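Q: mmCIF, C-alpha atoms, saved as query-v1.cif, coming up:
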```
data_query
loop_
_atom_site.label_atom_id
_atom_site.label_comp_id
_atom_site.auth_asym_id
_atom_site.auth_seq_id
_atom_site.Cartn_x
_atom_site.Cartn_y
_atom_site.Cartn_z
CA MET A 282 100.55 122.58 98.28
CA SER A 283 98.36 123.46 101.29
CA ARG A 284 96.60 120.69 103.17
CA LYS A 285 92.91 120.12 102.58
CA ALA A 286 90.89 121.39 105.53
CA ARG A 287 89.27 118.73 107.69
CA ILE A 288 85.52 118.29 107.41
CA LEU A 289 84.03 119.13 110.79
CA SER A 290 81.42 116.94 112.46
CA GLU A 291 78.15 118.50 113.61
CA THR A 292 78.08 115.98 116.48
CA LYS A 293 81.81 116.33 117.26
CA ILE A 294 82.06 112.55 116.71
CA TYR A 295 84.79 111.26 114.37
CA HIS A 296 86.11 107.97 113.05
CA ILE A 297 89.86 108.37 113.50
CA ILE A 298 92.47 106.26 111.71
CA LEU A 299 96.12 106.39 112.80
CA ARG A 300 98.63 104.55 110.64
CA GLY A 301 102.27 103.68 111.02
CA ILE A 302 104.55 105.63 108.73
CA ASN A 303 105.02 103.63 105.50
CA ARG A 304 102.55 101.15 107.06
CA GLN A 305 105.21 99.95 109.49
CA ILE A 306 104.29 98.03 112.63
CA ILE A 307 103.36 100.18 115.63
CA PHE A 308 102.52 97.35 118.03
CA TRP A 309 104.98 94.46 118.25
CA ASP A 310 103.70 92.84 121.43
CA ALA A 311 101.19 92.98 124.27
CA GLU A 312 103.27 95.51 126.19
CA ASP A 313 103.15 97.97 123.28
CA ARG A 314 99.37 97.67 123.07
CA ALA A 315 98.94 97.97 126.82
CA ARG A 316 101.03 101.14 126.85
CA PHE A 317 98.99 102.76 124.09
CA LEU A 318 95.71 101.89 125.83
CA ASP A 319 97.08 103.30 129.09
CA ARG A 320 97.90 106.60 127.33
CA LEU A 321 94.50 106.59 125.59
CA SER A 322 92.81 106.26 128.99
CA TYR A 323 95.10 108.81 130.65
CA TYR A 324 94.45 111.53 128.09
CA LYS A 325 90.68 110.97 128.27
CA GLY A 326 90.89 112.48 131.74
CA ILE A 327 92.97 115.43 130.56
CA CYS A 328 91.37 116.18 127.18
CA GLY A 329 87.78 115.27 128.03
CA TYR A 330 87.01 113.16 124.96
CA GLU A 331 84.61 110.22 124.86
CA LEU A 332 85.70 106.92 123.31
CA PHE A 333 82.92 104.81 121.79
CA ALA A 334 85.04 102.15 120.06
CA TYR A 335 88.68 101.29 119.41
CA CYS A 336 90.70 98.61 117.68
CA LEU A 337 94.48 98.29 117.70
CA MET A 338 95.81 96.45 114.67
CA ASP A 339 99.52 95.79 114.11
CA ASN A 340 100.13 98.80 111.87
CA HIS A 341 97.06 100.99 112.31
CA ILE A 342 94.48 102.08 114.86
CA HIS A 343 90.76 102.82 114.64
CA LEU A 344 89.00 105.06 117.13
CA LEU A 345 85.42 106.31 117.33
CA ILE A 346 85.77 109.41 119.45
CA LYS A 347 83.80 112.49 120.49
CA GLU A 348 85.79 115.67 120.81
CA GLY A 349 85.80 117.13 124.32
CA LYS A 350 87.31 120.27 125.78
CA GLU A 351 90.44 120.06 123.61
CA PRO A 352 90.51 119.92 119.78
CA LEU A 353 91.52 116.60 118.27
CA HIS A 354 94.77 117.86 116.77
CA LYS A 355 95.93 118.74 120.28
CA VAL A 356 94.64 115.44 121.69
CA PHE A 357 96.62 113.40 119.21
CA ARG A 358 99.74 115.50 119.54
CA ARG A 359 99.71 114.74 123.26
CA LEU A 360 98.76 111.07 122.87
CA LEU A 361 101.10 110.15 120.04
CA ASP A 362 104.10 112.10 121.31
CA SER A 363 103.79 110.30 124.64
CA TYR A 364 103.50 106.85 123.08
CA VAL A 365 106.26 107.40 120.49
CA PHE A 366 108.71 108.67 123.12
CA TRP A 367 108.16 105.47 125.13
CA TYR A 368 108.13 103.20 122.03
CA ASN A 369 111.39 104.60 120.64
CA ALA A 370 113.15 104.13 123.96
CA LYS A 371 111.93 100.55 124.26
CA HIS A 372 112.75 99.55 120.68
CA ASP A 373 115.99 101.55 120.44
CA ARG A 374 114.84 103.68 117.52
CA CYS A 375 114.31 107.36 116.74
CA GLY A 376 112.10 109.44 114.51
CA ASN A 377 108.48 109.38 113.48
CA LEU A 378 106.33 106.30 114.02
CA PHE A 379 102.96 107.53 112.74
CA GLN A 380 102.04 109.21 109.49
CA ASP A 381 102.15 112.98 109.86
CA ARG A 382 98.41 113.51 109.74
CA PHE A 383 95.70 111.32 111.22
CA LYS A 384 92.62 110.60 109.13
CA SER A 385 89.31 111.86 110.53
CA GLU A 386 85.85 111.18 109.15
CA PRO A 387 82.82 113.00 110.60
CA VAL A 388 80.01 110.86 111.96
CA ASN A 389 76.81 112.91 111.87
CA ASP A 390 73.93 110.47 112.32
CA GLU A 391 73.09 107.42 114.43
CA ARG A 392 72.75 104.98 111.52
CA TYR A 393 76.22 105.75 110.25
CA PHE A 394 77.57 105.78 113.81
CA ILE A 395 76.49 102.15 114.29
CA LYS A 396 77.99 101.21 110.92
CA VAL A 397 81.33 102.62 112.07
CA VAL A 398 81.13 100.65 115.33
CA HIS A 399 80.59 97.48 113.26
CA TYR A 400 83.44 98.38 110.93
CA ILE A 401 85.93 99.08 113.71
CA LEU A 402 85.15 95.97 115.75
CA HIS A 403 85.24 93.73 112.67
CA ASN A 404 88.73 94.83 111.55
CA PRO A 405 90.54 91.82 113.10
CA VAL A 406 87.91 89.46 111.63
CA ILE A 407 88.44 90.94 108.16
CA ALA A 408 92.21 90.59 108.62
CA GLY A 409 91.82 86.88 109.44
CA ILE A 410 93.08 87.22 113.01
CA CYS A 411 89.94 85.92 114.71
CA ALA A 412 86.54 84.45 113.88
CA SER A 413 84.39 86.98 115.76
CA PRO A 414 85.00 90.48 117.16
CA GLU A 415 84.80 89.53 120.84
CA GLU A 416 87.71 87.10 120.45
CA TYR A 417 90.10 89.96 119.76
CA GLU A 418 91.73 91.26 122.92
CA TYR A 419 92.70 94.71 121.69
CA SER A 420 89.35 96.26 120.83
CA SER A 421 86.16 97.42 122.54
CA ALA A 422 84.24 94.31 121.48
CA ALA A 423 84.55 92.38 124.74
CA GLU A 424 83.50 95.45 126.75
CA TYR A 425 80.26 95.55 124.75
CA ILE A 426 79.55 91.84 124.45
CA PHE A 427 80.66 90.56 127.87
CA ASP A 428 80.04 93.73 129.94
CA LEU A 429 83.72 93.98 130.88
CA SER A 430 85.05 97.17 132.43
CA GLY A 431 87.51 99.09 130.29
CA ILE A 432 88.22 102.44 128.66
CA THR A 433 85.25 102.48 126.26
CA ASP A 434 82.23 104.70 126.93
CA VAL A 435 79.67 101.98 126.18
CA ASP A 436 76.50 103.61 127.51
CA TYR A 437 75.81 105.70 124.40
CA VAL A 438 75.71 102.64 122.13
CA LEU A 439 73.87 100.42 124.62
CA GLU A 440 71.20 103.05 125.19
CA MET A 441 70.80 103.21 121.42
CA MET A 442 70.28 99.49 120.80
CA GLY A 443 70.93 97.35 123.90
CA ARG A 444 73.56 94.67 124.47
CA LYS A 445 71.52 91.78 123.02
CA THR A 446 70.62 93.72 119.88
CA LEU A 447 74.19 94.93 119.44
CA LYS A 448 75.55 91.39 119.75
CA LYS A 449 73.10 90.20 117.07
CA TYR A 450 73.98 93.19 114.86
CA LEU A 451 77.70 92.48 115.10
CA LYS A 452 77.05 88.89 114.09
CA ASP A 453 74.30 89.28 111.49
CA ALA A 454 74.47 92.81 110.08
CA SER A 455 72.89 93.11 106.65
CA GLU A 456 74.87 94.02 103.55
CA ASP A 457 73.42 97.54 103.70
CA ASP A 458 74.76 97.99 107.24
CA ILE A 459 78.39 97.14 106.46
CA ILE A 460 80.95 99.71 105.36
CA LYS A 461 82.87 98.24 102.44
CA ASN A 462 85.68 99.00 100.04
CA GLN A 463 87.68 101.19 102.37
CA GLU A 464 91.43 101.15 102.08
CA ASP A 465 91.87 100.69 105.81
CA HIS A 466 90.18 97.27 105.78
CA ARG A 467 93.53 96.01 104.53
CA VAL A 468 96.35 95.41 106.98
CA LEU A 469 98.85 94.85 104.19
CA VAL A 470 98.76 93.47 100.67
CA LYS A 471 98.29 89.74 101.00
CA VAL A 472 101.10 87.48 99.82
CA ASN A 473 100.61 84.34 97.75
CA ASP A 474 101.08 80.85 99.21
CA LYS A 475 104.54 80.39 97.72
CA ASN A 476 105.89 83.57 99.29
CA ALA A 477 104.08 82.81 102.53
CA MET A 478 105.79 79.42 102.65
CA GLU A 479 109.19 81.04 102.12
CA ILE A 480 108.62 83.62 104.88
CA ILE A 481 107.32 81.06 107.39
CA THR A 482 109.93 78.38 106.76
CA GLU A 483 112.69 80.98 107.00
CA LYS A 484 111.58 81.65 110.57
CA LEU A 485 110.33 78.21 111.64
CA GLY A 486 112.14 75.74 109.42
CA ALA A 487 110.40 73.09 107.33
CA LYS A 488 109.85 70.62 110.16
CA ILE A 489 106.25 69.47 110.79
CA PRO A 490 104.82 69.76 113.38
CA VAL A 491 106.26 73.20 113.97
CA ASP A 492 107.55 74.40 117.33
CA GLN A 493 104.52 76.21 118.73
CA GLU A 494 106.55 78.41 121.06
CA ILE A 495 108.60 79.73 118.14
CA LEU A 496 105.43 80.18 116.10
CA LYS A 497 103.79 82.09 118.96
CA ARG A 498 106.68 84.58 119.00
CA ASN A 499 106.40 85.14 115.25
CA ILE A 500 102.70 84.85 114.45
CA ARG A 501 101.94 88.58 114.59
CA LEU A 502 104.98 89.25 112.42
CA PHE A 503 103.56 86.87 109.79
CA LEU A 504 100.18 88.62 109.93
CA ALA A 505 101.88 92.01 109.61
CA ARG A 506 103.71 90.72 106.52
CA GLY A 507 100.32 90.06 104.91
CA ILE A 508 100.05 86.30 105.54
CA SER A 509 96.55 85.23 106.58
CA LEU A 510 95.71 82.80 109.38
CA ARG A 511 94.32 80.44 106.74
CA GLN A 512 97.71 80.36 105.02
CA ILE A 513 99.55 79.86 108.32
CA SER A 514 97.16 77.01 109.13
CA ARG A 515 97.73 75.31 105.78
CA ILE A 516 101.51 75.67 105.91
CA THR A 517 101.99 74.62 109.56
CA SER A 518 99.20 72.00 109.62
CA LEU A 519 97.82 73.64 112.79
CA SER A 520 94.13 74.40 113.08
CA ARG A 521 92.94 77.99 113.27
CA THR A 522 91.64 77.23 116.77
CA VAL A 523 95.24 76.52 117.84
CA LEU A 524 96.44 79.67 116.06
CA TYR A 525 93.79 81.79 117.85
CA ARG A 526 95.02 80.36 121.17
CA LEU A 527 98.63 81.20 120.34
CA LEU A 528 97.62 84.76 119.42
CA LYS A 529 95.91 85.20 122.78
CA GLU A 530 98.92 83.79 124.63
CA GLU A 531 101.42 86.01 122.77
#
```
Give the structure from this file in structure tokens form.
A:
Amino acid sequence: MSRKARILSETKIYHIILRGINRQIIFWDAEDRARFLDRLSYYKGICGYELFAYCLMDNHIHLLIKEGKEPLHKVFRRLLDSYVFWYNAKHDRCGNLFQDRFKSEPVNDERYFIKVVHYILHNPVIAGICASPEEYEYSSAAEYIFDLSGITDVDYVLEMMGRKTLKKYLKDASEDDIIKNQEDHRVLVKVNDKNAMEIITEKLGAKIPVDQEILKRNIRLFLARGISLRQISRITSLSRTVLYRLLKEE
């Protein structure tokens, strides 16, 4: 069966979703994320695309990108081949890491564009990793909210609504402004408390309080397995504030 042709964007702006094959983890640690962001920045210079928002989750990636001098299929062949070659060497593996075809959704008007920005930056909040977008280290949120330098082309959004307005929008967007019911909101199917307890105690033991250094090394693994921060907090008796700190230190 032939593949369905991509819907082209009149603005050349697309919401891109890249997922690990069989939803497997594509970022195990900070070094993996840093490498991908380095390649994302490097190929901006070569391919001429603009990057308006990004978010790196454990097993998928969201990008809001404007096509430049090279078509997106060529951009992502370059970008992903480079990252996978490095990743496979580091993790002593071979073969595909990403699903064969990236998902692209055209973004043709400003109202929907801003909705996609909100959606992308709120992914870690929806997944229970942090309480607000700017707390998450591996997205564009801090570049927008705190005026940090980075790889995001922030001027387009800030000229559209300003930093103060954007910050308020990210915090208080109305129900009509939020993209809902999309499959990619989910990191993985959530597990129940009993199974979460079994997974966590297998790694950490049943001793309370838990060893925070061991927890720090495993916390992203638990999240990738579908365990929420609320469940980790209940099972380990550690507050979510402590868990957020451990995530940032990992």
Q: How close does each residue of stretch 296-375 of chain A get to stretch 396-399 of chain A, giving the shortest atom pair and distance in Å to one decimal for every residue with an atom at most 10 Å away, counting only C-alpha atoms, sorted by chain and residue number, as JSON lines?
A:
```
{"residue": "A:His296", "atom": "CA", "partner": "A:Val397", "partner_atom": "CA", "distance": 7.2}
{"residue": "A:Phe333", "atom": "CA", "partner": "A:Val398", "partner_atom": "CA", "distance": 7.9}
{"residue": "A:Ala334", "atom": "CA", "partner": "A:Val398", "partner_atom": "CA", "distance": 6.3}
{"residue": "A:Tyr335", "atom": "CA", "partner": "A:Val398", "partner_atom": "CA", "distance": 8.6}
{"residue": "A:His343", "atom": "CA", "partner": "A:Val397", "partner_atom": "CA", "distance": 9.8}
{"residue": "A:Leu344", "atom": "CA", "partner": "A:Val398", "partner_atom": "CA", "distance": 9.2}
{"residue": "A:Leu345", "atom": "CA", "partner": "A:Val398", "partner_atom": "CA", "distance": 7.4}
```
Q: Quick one: pull the distance between atom CA of A:His372 and atom CA of A:Gly409, Å, one decimal.
A: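 Separating atom CA of A:His372 from atom CA of A:Gly409 is a distance of 26.9 Å.
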Q: Could you check which of A:Glu530, A:Asp319, A:Glu312, A:Asp339 is closest to A:Phe503, using all atoms listed in the file?
A: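 Among A:Glu530, A:Asp319, A:Glu312, A:Asp339, it is A:Asp339 that comes nearest to A:Phe503.
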Q: Separation of atom CA of A:Arg316 and atom CA of A:Gly329, in Å?
A: 19.4 Å
Q: Here is a test: counting all atoms listed in the file, which residue of A:Asp453, A:Cys375, A:Ile426, A:Met442 is nearest to A:Ile395?
A: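 With all atoms listed in the file as the atom set, the closest residue is A:Met442.
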Q: Which is closer to A:Gln305 than all the others in A:Lys484, A:Arg374, A:Lys347, A:His341, using all atoms listed in the file?
A: A:His341
Q: Between A:Ile410, A:Ile508, A:Ala422, A:Leu361, which residue has the minimum interatomic distance to A:Asn476, considering all atoms listed in the file?
A: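 Closest residue, counting all atoms listed in the file: A:Ile508.
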Q: Run the PyMOL selection byres ((chain A and resi 348-356) around 6) against the file shown and list the residues it catches, as a VMD selection string.
A: chain A and resid 293 328 to 330 347 357 to 359
Q: Here is a test: counting all atoms listed in the file, which residue of A:Ile432, A:Val523, A:Phe379, A:Asn340 is nearest to A:Tyr324?
A: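 Comparing A:Ile432, A:Val523, A:Phe379, A:Asn340 against A:Tyr324, the winner is A:Ile432.
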Q: So which residues are close to (89.7, 92.2, 118.0), meaning at most 12 Å away in the file's coordinates with all atoms listed in the file counted, and can you show them as number ranges by chain?
A: A: 334-339, 342-343, 399-424, 525, 528-529
Q: Compute the distance from (104.7, 99.5, 109.0) to each atom, counting only C-alpha atoms, keep the residues with any atom at most 9 Å away, and return them as a ChimeraX atom specification; use the coordinates of the file.
A: /A:300-307,339-341,378,469,505
Q: As a compact mmCIF listing (two decimals) with C-alpha atoms, in the coordinates of the input, please: the residues near A:Val491 (cut-off 9 Å, all atoms listed in the file, same-chain neighbours under 6 positions excluded).
A:
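And here is the file that came out, result.txt:
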```
# COMPACT_ATOMS: atom_id res chain seq x y z
CA LEU A 485 110.33 78.21 111.64
CA THR A 517 101.99 74.62 109.56
CA SER A 518 99.20 72.00 109.62
CA LEU A 519 97.82 73.64 112.79
```
Q: When distances are computed from all atoms listed in the file, which of A:Ile481, A:Val472, A:Ser385, A:Tyr425 shows the smallest separation from A:Lys449?
A: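 Checking each of A:Ile481, A:Val472, A:Ser385, A:Tyr425 against A:Lys449, counting all atoms listed in the file, the winner is A:Tyr425.
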Q: Report the distance between atom CA of A:Ile480 and atom CA of A:Arg506 in Å, rounded to one decimal place.
A: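 Atom CA of A:Arg506 lies 8.8 Å from atom CA of A:Ile480.
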Q: Identify, on the basis of all atoms listed in the file, every residue whose closest approach to A:Ile500 does not exceed 9 Å; exclude the query and any residue fewer than 3 positions from it along the same chain; express the result as number ranges by chain.
A: A: 495-497, 503-505, 510, 513, 524, 527-528, 531
